[in-house]
Amino acid sequence: MSLASSSSSSPLTSSVSSSSSHAHVLSAYGWDGGWEAEFAAYAGQGLVPGRVVRVDRGQCDVVTADGVVRADTAFVTPHDPLRVICTGDWAAVETAGTPRYVRAYLPRRTAFVRSTSSTRSEGQILAANVDHAIIAVPLAVELDLGRIERFLALAWESGAQPLVVLTKADLVPDPVGLSYLVQDVETAAPGVQVLPVSATGGEGVDVLAAVVSGGTSVLLGTSGAGKSTLANALLGEDVMAVQATRDVDGKGRHTTTTRNLLALPGGGVLIDTPGLRGVGLWDAGAGVGQVFSEIEALAEDCRFHDCAHLAEPGCAVLAAIEDGALPQRRLDSYRKLLRENQRIVAKTDARLRSEILKDWKRKSAAGRAALEAKRGGRNR
């Protein structure tokens, strides 16, 4: 007798039926065979899979095959702030009884983490299981390339593919002027697509929708960057509240106060986030290297493998600055982010902190000696 014609169902039949139901309903939120395999251990415990769409005050909203349920996170609230439940997580939910509980979450594929502004320098996870990190940069104010590089470092470190969206492009009606702004950002974002978009006029929205249709995207940026307007354009309706920005500095209040996960009508999932006032690095050494890949490529040709690019002879990075191939601003920004990242890492590693201090003293002494030697040669 076939499964289709059987009047009774075996545990295997129920399991197959349940998995098919979950796959059908949750596929719009990113459910796939990999997640199903990860969840197999929880299926026999009577738990159901779901994706966290919002977290607040110790509880979260989870979309399941039976709809959105409200669940308590008491069982997944460890002391480590990087291991708390987060928007974008895939969860194993106990739906029987009241209250409902999230019993566990599946191993994350990617995680967007920043340093908090607290003196303890803890990491804060903003979004999980993200494929694209959309960095919204408003053209209503002067470009801050250093801030863009900072966002990019965190995005690369997360494991997601960054994308810089220049919002409010309608405020720059001159095509030539707009192209120069795009080029400036492309210089600060090697290997990253830079897309000017006008959410109000519709320019570039279709291109962005095509990019994000194949996975989960997180929308990042400062207050007033136009994230909520951009989210509404992608959703095709006014789901997110929008507030006007101040003309004097282009800043706005936090329209979005929580991180929300939304399924897009054209495919894909979007996580909208509150405006970020501070974007501190958190163990993002690889991300910094990716943002400044041209500097790290040049460094391979320096005479000394531990060259600090200060005044050492045979420094390929300084040579590139002298001949105009590398802007001084890029090197300054590279040094700044490296120092910041080292400080964050060293705060949790006393041995590394001691090694960094010794290395800094050695390089400083070598740099001063090289500079004195160079000056002495000129005076002969």
# chains A, B, ... in the order shown; residues from 1 in each chain; ligands from 1

$ select_by_dssp --residues "stretch 29-166 of chain A" --states "strand (DSSP E)" --output "MDAnalysis selection string"
chainID A and resid 48:56 59:64 67:72 90:94 100:105 111:115 123:128 132:138 161:166

$ residues_around --residues "stretch 263-267 of chain A" --least-positions-apart "2" --cutoff "7 Å" --atoms "only C-alpha atoms" --output "count of residues only"
9

$ atom_distance --atom1 "atom CA of A:Lys347" --atom2 "atom CA of A:Ala153"
19.5 Å

$ select_by_dssp --residues "stretch 54-275 of chain A" --states "alpha helix (DSSP H)" --output "MDAnalysis selection string"
chainID A and resid 145:158 175:188 205:212 227:235

$ closest_atom_pairs --of "stretch 129-230 of chain A" --to "stretch 74-94 of chain A" --cutoff "9 Å" --atoms "only C-alpha atoms" --output "tab-separated table"
residue	atom	partner	partner_atom	distance
A:Asn129	CA	A:Gly88	CA	5.9
A:Val130	CA	A:Gly88	CA	7.4
A:Thr216	CA	A:Gly88	CA	8.4

$ atom_distance --atom1 "atom CA of A:Ala231" --atom2 "atom CA of A:Gly177"
25.9 Å

$ closest_residue --among "A:Val212, A:Ala71, A:Leu219, A:Ala155" --to "A:Gly58" --atoms "only C-alpha atoms"
A:Ala71

$ residues_around --residues "A:Asp131" --least-positions-apart "3" --cutoff "7 Å" --atoms "only C-alpha atoms" --output "VMD selection string"
chain A and resid 160 to 161 215 to 217

$ residues_around --residues "A:Ile134" --least-positions-apart "3" --cutoff "12 Å" --atoms "only C-alpha atoms" --output "JSON, numbers by chain"
{"A": [112, 130, 131, 137, 148, 151, 152, 154, 155, 156, 160, 161, 162, 163, 164, 165, 166, 167, 192, 193, 194, 195, 208, 209, 211, 212, 216, 217, 218, 219, 220, 221, 225, 227, 230, 231, 270, 271, 272, 273]}

$ closest_residue --among "A:Gln328, A:Asp206, A:Leu276, A:Asn260" --to "A:Ala233" --atoms "only C-alpha atoms"
A:Asp206

$ closest_residue --among "A:Val288, A:Val69, A:Ala169, A:Val185" --to "A:Asp144" --atoms "only C-alpha atoms"
A:Val185
